[in-house]
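Engineer: To be precise about what I am sending: the file is called protein36.cif and holds mmCIF, C-alpha atoms and all ligand atoms.
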data_data
#
loop_
_atom_site.label_atom_id
_atom_site.label_comp_id
_atom_site.auth_asym_id
_atom_site.auth_seq_id
_atom_site.Cartn_x
_atom_site.Cartn_y
_atom_site.Cartn_z
CA MET A 1 15.10 92.04 53.43
CA SER A 2 11.44 91.59 54.43
CA PRO A 3 10.67 90.56 58.07
CA LYS A 4 9.27 87.24 56.82
CA LYS A 5 12.39 86.49 54.76
CA ARG A 6 14.60 87.53 57.67
CA GLU A 7 12.70 85.14 59.99
CA THR A 8 13.24 82.25 57.55
CA GLU A 9 16.93 83.12 57.28
CA LEU A 10 17.39 83.07 61.07
CA GLN A 11 15.60 79.73 61.35
CA ARG A 12 17.92 78.32 58.68
CA ILE A 13 21.00 79.58 60.57
CA ASN A 14 19.72 78.09 63.86
CA GLN A 15 19.15 74.73 62.15
CA LEU A 16 22.68 74.79 60.74
CA GLU A 17 24.26 75.62 64.13
CA GLU A 18 22.16 73.25 66.21
CA GLY A 19 24.33 70.76 68.10
CA ALA A 20 27.58 72.46 67.07
CA GLN A 21 27.74 75.12 69.80
CA ARG A 22 30.57 73.41 71.72
CA ALA A 23 32.74 73.36 68.59
CA LYS A 24 32.38 77.11 67.96
CA PRO A 25 35.31 79.33 68.91
CA ILE A 26 34.54 81.84 71.64
CA LEU A 27 35.81 85.12 70.22
CA HIS A 28 36.64 88.61 71.56
CA GLN A 29 37.62 87.40 75.02
CA HIS A 30 39.25 89.79 77.46
CA ALA A 31 40.46 89.31 81.01
CA LYS A 32 43.03 90.69 83.41
CA GLU A 33 46.57 89.46 82.63
CA ILE A 34 47.67 86.39 84.59
CA GLN A 35 51.10 87.86 85.44
CA PRO A 36 51.91 91.55 85.33
CA PHE A 37 55.22 92.59 83.77
CA GLY A 38 57.93 92.88 86.40
CA LYS A 39 56.47 90.23 88.72
CA ILE A 40 58.02 86.80 89.35
CA ALA A 41 56.04 83.53 89.21
CA LYS A 42 58.69 81.33 90.78
CA LEU A 43 59.45 77.89 89.34
CA PRO A 44 61.18 75.10 91.31
CA ILE A 45 64.68 75.76 89.95
CA ALA A 46 66.46 76.20 93.31
CA LEU A 47 66.99 79.93 92.83
CA ASP A 48 65.35 82.48 95.13
CA GLU A 49 63.04 85.23 93.90
CA THR A 50 65.57 88.03 94.30
CA ALA A 51 68.16 86.20 92.19
CA CYS A 52 65.50 85.52 89.55
CA GLU A 53 64.36 89.15 89.62
CA SER A 54 67.91 90.43 89.18
CA SER A 55 68.53 88.16 86.19
CA VAL A 56 65.10 88.81 84.64
CA ASN A 57 65.65 92.60 84.74
CA ASN A 58 69.09 92.27 83.19
CA LEU A 59 67.97 89.76 80.57
CA ASN A 60 65.05 91.95 79.50
CA GLN A 61 67.49 94.78 78.80
CA VAL A 62 69.75 92.50 76.71
CA LEU A 63 66.63 91.13 75.03
CA ALA A 64 65.36 94.58 74.02
CA ASP A 65 68.80 95.48 72.66
CA THR A 66 69.17 92.14 70.86
CA ILE A 67 65.76 92.51 69.22
CA THR A 68 66.79 96.00 68.09
CA LEU A 69 70.12 94.75 66.73
CA ARG A 70 68.40 91.82 65.00
CA ASP A 71 65.93 94.17 63.33
CA MET A 72 68.69 96.57 62.33
CA TYR A 73 70.36 93.67 60.51
CA LYS A 74 67.15 93.06 58.53
CA LYS A 75 66.84 96.78 57.74
CA HIS A 76 70.39 96.78 56.37
CA HIS A 77 69.83 93.45 54.57
CA TRP A 78 66.99 95.09 52.65
CA GLN A 79 68.45 98.56 52.19
CA VAL A 80 72.14 97.87 51.42
CA ALA A 81 73.49 99.35 48.18
CA GLY A 82 76.69 99.34 46.14
CA SER A 83 79.28 96.99 44.67
CA THR A 84 79.31 94.76 47.77
CA PHE A 85 75.52 94.45 47.74
CA TYR A 86 75.31 90.69 47.30
CA GLN A 87 77.95 89.77 49.89
CA LEU A 88 76.58 92.13 52.53
CA HIS A 89 72.96 91.27 51.72
CA LEU A 90 73.80 87.64 52.63
CA LEU A 91 76.04 88.45 55.61
CA PHE A 92 73.46 90.77 57.20
CA ASP A 93 70.81 88.08 56.86
CA LYS A 94 73.08 85.42 58.40
CA HIS A 95 73.77 87.65 61.39
CA HIS A 96 70.05 88.44 61.62
CA GLY A 97 69.30 84.72 61.91
CA GLU A 98 71.92 84.25 64.63
CA GLN A 99 70.59 87.25 66.59
CA ASP A 100 67.08 85.82 66.23
CA GLU A 101 68.23 82.61 67.92
CA LEU A 102 69.65 84.70 70.78
CA VAL A 103 66.33 86.56 71.08
CA ASP A 104 64.49 83.27 71.57
CA ALA A 105 67.04 81.91 74.05
CA LEU A 106 66.97 85.13 76.11
CA ALA A 107 63.16 85.36 76.15
CA GLU A 108 62.76 81.73 77.14
CA ARG A 109 65.33 82.04 79.92
CA ILE A 110 63.37 85.02 81.30
CA GLN A 111 60.22 82.87 81.33
CA LEU A 112 61.90 79.92 83.04
CA LEU A 113 63.23 82.29 85.70
CA GLY A 114 59.58 83.10 86.43
CA GLY A 115 59.67 86.51 84.76
CA VAL A 116 57.85 88.07 81.84
CA SER A 117 59.88 88.67 78.69
CA ILE A 118 59.51 91.89 76.78
CA ALA A 119 58.05 91.13 73.34
CA MET A 120 56.29 93.84 71.39
CA ALA A 121 58.03 96.44 69.22
CA ALA A 122 56.66 99.44 71.15
CA ASP A 123 57.95 98.03 74.47
CA VAL A 124 61.29 97.21 72.87
CA ALA A 125 61.57 100.76 71.52
CA GLU A 126 60.95 102.19 75.00
CA THR A 127 63.55 99.92 76.58
CA THR A 128 66.50 99.66 74.20
CA ILE A 129 69.61 101.79 74.67
CA ILE A 130 70.64 101.41 71.00
CA PRO A 131 70.19 104.71 69.12
CA ARG A 132 67.35 104.69 66.58
CA PRO A 133 68.55 104.73 62.96
CA PRO A 134 66.73 106.87 60.37
CA ARG A 135 63.97 105.27 58.28
CA GLY A 136 65.84 106.04 55.07
CA ARG A 137 68.75 104.21 53.48
CA GLU A 138 72.36 104.84 54.48
CA GLU A 139 75.75 104.13 52.91
CA VAL A 140 77.48 100.81 53.67
CA PRO A 141 80.17 102.22 56.02
CA VAL A 142 77.46 104.02 58.00
CA GLN A 143 75.34 100.86 58.18
CA ILE A 144 78.32 98.84 59.43
CA SER A 145 79.36 101.52 61.94
CA ARG A 146 75.83 101.57 63.34
CA LEU A 147 75.85 97.78 63.71
CA LEU A 148 79.26 97.82 65.41
CA GLU A 149 78.08 100.43 67.92
CA ALA A 150 75.00 98.34 68.68
CA HIS A 151 77.15 95.23 69.17
CA GLU A 152 79.36 97.12 71.60
CA PHE A 153 76.35 98.23 73.69
CA VAL A 154 75.24 94.60 73.93
CA LEU A 155 78.72 93.28 74.70
CA LYS A 156 79.34 95.85 77.43
CA GLU A 157 76.09 95.17 79.26
CA ALA A 158 76.31 91.40 78.74
CA ARG A 159 79.75 91.25 80.39
CA THR A 160 78.55 93.23 83.42
CA MET A 161 75.35 91.18 83.66
CA ALA A 162 77.21 87.86 83.36
CA ARG A 163 79.24 88.83 86.44
CA GLU A 164 76.07 89.89 88.29
CA ALA A 165 74.37 86.57 87.43
CA SER A 166 77.38 84.71 88.77
CA GLU A 167 77.29 86.76 91.99
CA VAL A 168 73.63 85.84 92.71
CA GLY A 169 74.27 82.15 91.89
CA ASP A 170 72.44 82.13 88.53
CA ASP A 171 74.95 80.04 86.58
CA GLY A 172 72.51 79.37 83.73
CA THR A 173 72.14 83.06 82.95
CA ASN A 174 75.89 83.55 83.31
CA ASP A 175 76.45 80.73 80.80
CA LEU A 176 73.85 82.02 78.32
CA LEU A 177 75.37 85.50 78.39
CA ILE A 178 78.94 84.28 77.97
CA SER A 179 78.58 81.20 75.74
CA ASP A 180 75.88 82.56 73.46
CA VAL A 181 75.40 86.33 73.67
CA ILE A 182 79.02 87.44 74.13
CA ARG A 183 80.62 84.88 71.81
CA THR A 184 78.09 85.41 68.99
CA ASN A 185 78.36 89.19 69.21
CA GLU A 186 82.16 89.14 69.32
CA LEU A 187 82.32 86.95 66.22
CA GLN A 188 79.88 89.16 64.32
CA VAL A 189 81.92 92.24 65.29
CA TRP A 190 84.96 90.63 63.66
CA PHE A 191 83.10 89.87 60.44
CA LEU A 192 81.78 93.43 60.25
CA SER A 193 84.94 95.25 61.31
CA GLU A 194 87.04 93.72 58.52
CA HIS A 195 84.76 95.48 56.03
CA LEU A 196 85.84 98.86 57.38
CA VAL A 197 89.56 98.31 56.72
CA ALA A 198 90.67 100.59 53.88
CA MET A 199 91.84 97.94 51.42
CA PRO A 200 92.48 98.68 47.73
CA LEU A 201 90.49 96.41 45.43
CA THR A 202 92.66 96.50 42.32
CA HIS A 203 96.15 97.80 43.22
CA PRO A 204 98.24 96.88 46.31
CA GLU A 205 99.62 99.87 48.22
CA GLN A 206 103.27 98.71 47.86
CA ALA A 207 103.06 98.33 44.08
CA LYS A 208 101.34 101.69 43.84
CA ALA A 209 104.19 103.37 45.77
CA ALA A 210 106.88 101.65 43.64
CA SER A 211 105.29 102.85 40.46
CA GLY A 212 105.25 106.42 41.70
CA GLY A 213 101.62 106.34 42.73
CA ASN A 214 100.38 105.71 39.16
FE FE A 301 65.76 88.43 52.45
#
Please lay out the structure from this file as structure tokens.

Structural biologist:
Amino acid sequence: MSPKKRETELQRINQLEEGAQRAKPILHQHAKEIQPFGKIAKLPIALDETACESSVNNLNQVLADTITLRDMYKKHHWQVAGSTFYQLHLLFDKHHGEQDELVDALAERIQLLGGVSIAMAADVAETTIIPRPPRGREEVPVQISRLLEAHEFVLKEARTMAREASEVGDDGTNDLLISDVIRTNELQVWFLSEHLVAMPLTHPEQAKAASGGN
């Protein structure tokens, strides 16, 4: 582009933008974070900072593990194979949705306690205690076993943390852990566990024995 043409172009752009500066988005902004992770910005909820800190630390651990469990459900929803594909595809997605609701409730409770909730995948990966599954696909019983182990990690820590929340006077956290986290996880464990019972599909065991195993 010639300098003359360039000059005309710039004038045209200036004319177009004139008077619209205040409506333009200000992009590429950077500043120091307003609250570092691990610090408490106390809200007037009649709980002292140390109680909030204790609950925030515990809830961030359950949050990281719940995000991991939620994502494992989606992995298995996509990667499941075999004759029970359709049923498990739907069940895994249902449980994923329920875990996603827990994720939101946990993260928002951390914020209302004045803390900072863990959020990004890399931070979750550094924090979770649930073993990392392989990237590849696994058989149904292995998928379900992995999910059951993850549920048990969450249930164990949630029970301990519910008691700790009660001890520091944080009844809201105690209630969230018991009424939502523990009850949802227990119910999902039941639905999964029943899939690992060795149950013949076409021939009851008793009838098989009576007919000489044929
Ligand atoms: Fe889907």

Engineer: Kindly indicate which residue among A:Gln188, A:Trp78, A:Val124, A:Thr160 lies nearest to Lys94 of chain A, using all atoms listed in the file for the distances.

Structural biologist: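 Nearest candidate to Lys94 of chain A out of A:Gln188, A:Trp78, A:Val124, A:Thr160: A:Gln188.
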
Engineer: Rank A:Arg12, A:Lys32, A:His203, A:His95 by their smallest atom-to-atom distance to Thr184 of chain A, using only C-alpha atoms, and report the top residue only.

Structural biologist: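 Checking each of A:Arg12, A:Lys32, A:His203, A:His95 against Thr184 of chain A, counting only C-alpha atoms, the winner is A:His95.
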
Engineer: Do a neighbour search on Leu90 of chain A at 12 Å with all atoms listed in the file, toss out local chain neighbours closer than 3 positions, and write the hits as a list in words.

Structural biologist: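 The contact residues come out as Tyr73, Lys74, His76, His77, Trp78, Val80, Thr84, Phe85, Tyr86, Gln87, Asp93, Lys94, His95, His96 and Gly97 of chain A.
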
Engineer: Do a neighbour search on segment 145-153 of chain A at 10 Å with only C-alpha atoms, toss out local chain neighbours closer than 3 positions, and write the hits as a JSON list (two decimals) with C-alpha atoms, in the frame of the given file.

Structural biologist:
[["chain", "number", "residue", "atom", "x", "y", "z"],
["A", 62, "VAL", "CA", 69.75, 92.50, 76.71],
["A", 65, "ASP", "CA", 68.80, 95.48, 72.66],
["A", 66, "THR", "CA", 69.17, 92.14, 70.86],
["A", 68, "THR", "CA", 66.79, 96.00, 68.09],
["A", 69, "LEU", "CA", 70.12, 94.75, 66.73],
["A", 70, "ARG", "CA", 68.40, 91.82, 65.00],
["A", 72, "MET", "CA", 68.69, 96.57, 62.33],
["A", 73, "TYR", "CA", 70.36, 93.67, 60.51],
["A", 76, "HIS", "CA", 70.39, 96.78, 56.37],
["A", 92, "PHE", "CA", 73.46, 90.77, 57.20],
["A", 128, "THR", "CA", 66.50, 99.66, 74.20],
["A", 129, "ILE", "CA", 69.61, 101.79, 74.67],
["A", 130, "ILE", "CA", 70.64, 101.41, 71.00],
["A", 131, "PRO", "CA", 70.19, 104.71, 69.12],
["A", 132, "ARG", "CA", 67.35, 104.69, 66.58],
["A", 133, "PRO", "CA", 68.55, 104.73, 62.96],
["A", 140, "VAL", "CA", 77.48, 100.81, 53.67],
["A", 141, "PRO", "CA", 80.17, 102.22, 56.02],
["A", 142, "VAL", "CA", 77.46, 104.02, 58.00],
["A", 156, "LYS", "CA", 79.34, 95.85, 77.43],
["A", 157, "GLU", "CA", 76.09, 95.17, 79.26],
["A", 158, "ALA", "CA", 76.31, 91.40, 78.74],
["A", 182, "ILE", "CA", 79.02, 87.44, 74.13],
["A", 184, "THR", "CA", 78.09, 85.41, 68.99],
["A", 185, "ASN", "CA", 78.36, 89.19, 69.21],
["A", 186, "GLU", "CA", 82.16, 89.14, 69.32],
["A", 188, "GLN", "CA", 79.88, 89.16, 64.32],
["A", 189, "VAL", "CA", 81.92, 92.24, 65.29],
["A", 190, "TRP", "CA", 84.96, 90.63, 63.66],
["A", 192, "LEU", "CA", 81.78, 93.43, 60.25],
["A", 193, "SER", "CA", 84.94, 95.25, 61.31],
["A", 196, "LEU", "CA", 85.84, 98.86, 57.38]]

Engineer: List every protein, DNA or RNA residue that has an atom no more than 12 Å from (61.7, 84.0, 76.5) in the file's coordinate frame, counting all atoms listed in the file, and report them as a ChimeraX atom specification.

Structural biologist: /A:56,59-60,62-64,67,100-119

Engineer: Using only C-alpha atoms, which of A:Ile45, A:Ser55, A:Leu88, A:Pro25 sits nearest Gln143 of chain A?

Structural biologist: A:Leu88

Engineer: Report, in Å to a single decimal, how far apart atom CA of Glu164 of chain A and atom CA of Ile178 of chain A are.

Structural biologist: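 For atom CA of Ile178 of chain A relative to atom CA of Glu164 of chain A, the distance reads 12.1 Å.
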
Engineer: So the first atom is atom CA of Asn57 of chain A and the second is atom CA of Ala165 of chain A; what is the distance between them in Å, to one decimal place?

Structural biologist: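 The value is 10.9 Å.
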
Engineer: Which one is closest to Glu138 of chain A: A:Gln79, A:Lys39, A:Leu177, A:His195? Count all atoms listed in the file.

Structural biologist: A:Gln79

Engineer: Counting all atoms listed in the file, which of A:Ala125, A:Ile26, A:Val181, A:Leu91 gets nearest to ligand FE 301 (chain A)?

Structural biologist: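 Of A:Ala125, A:Ile26, A:Val181, A:Leu91, the one nearest ligand FE 301 (chain A), counting all atoms listed in the file, is A:Leu91.
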
Engineer: For ligand FE 301 (chain A), which residue out of A:Arg22, A:Lys75, A:Arg159, A:Arg135 is the nearest one, using all atoms listed in the file?

Structural biologist: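 Of the candidates, the smallest distance to ligand FE 301 (chain A) is held by A:Lys75.
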
Engineer: How many Å separate atom CA of Cys52 of chain A from atom CA of Met120 of chain A?

Structural biologist: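 Separation of atom CA of Cys52 of chain A and atom CA of Met120 of chain A: 22.0 Å.
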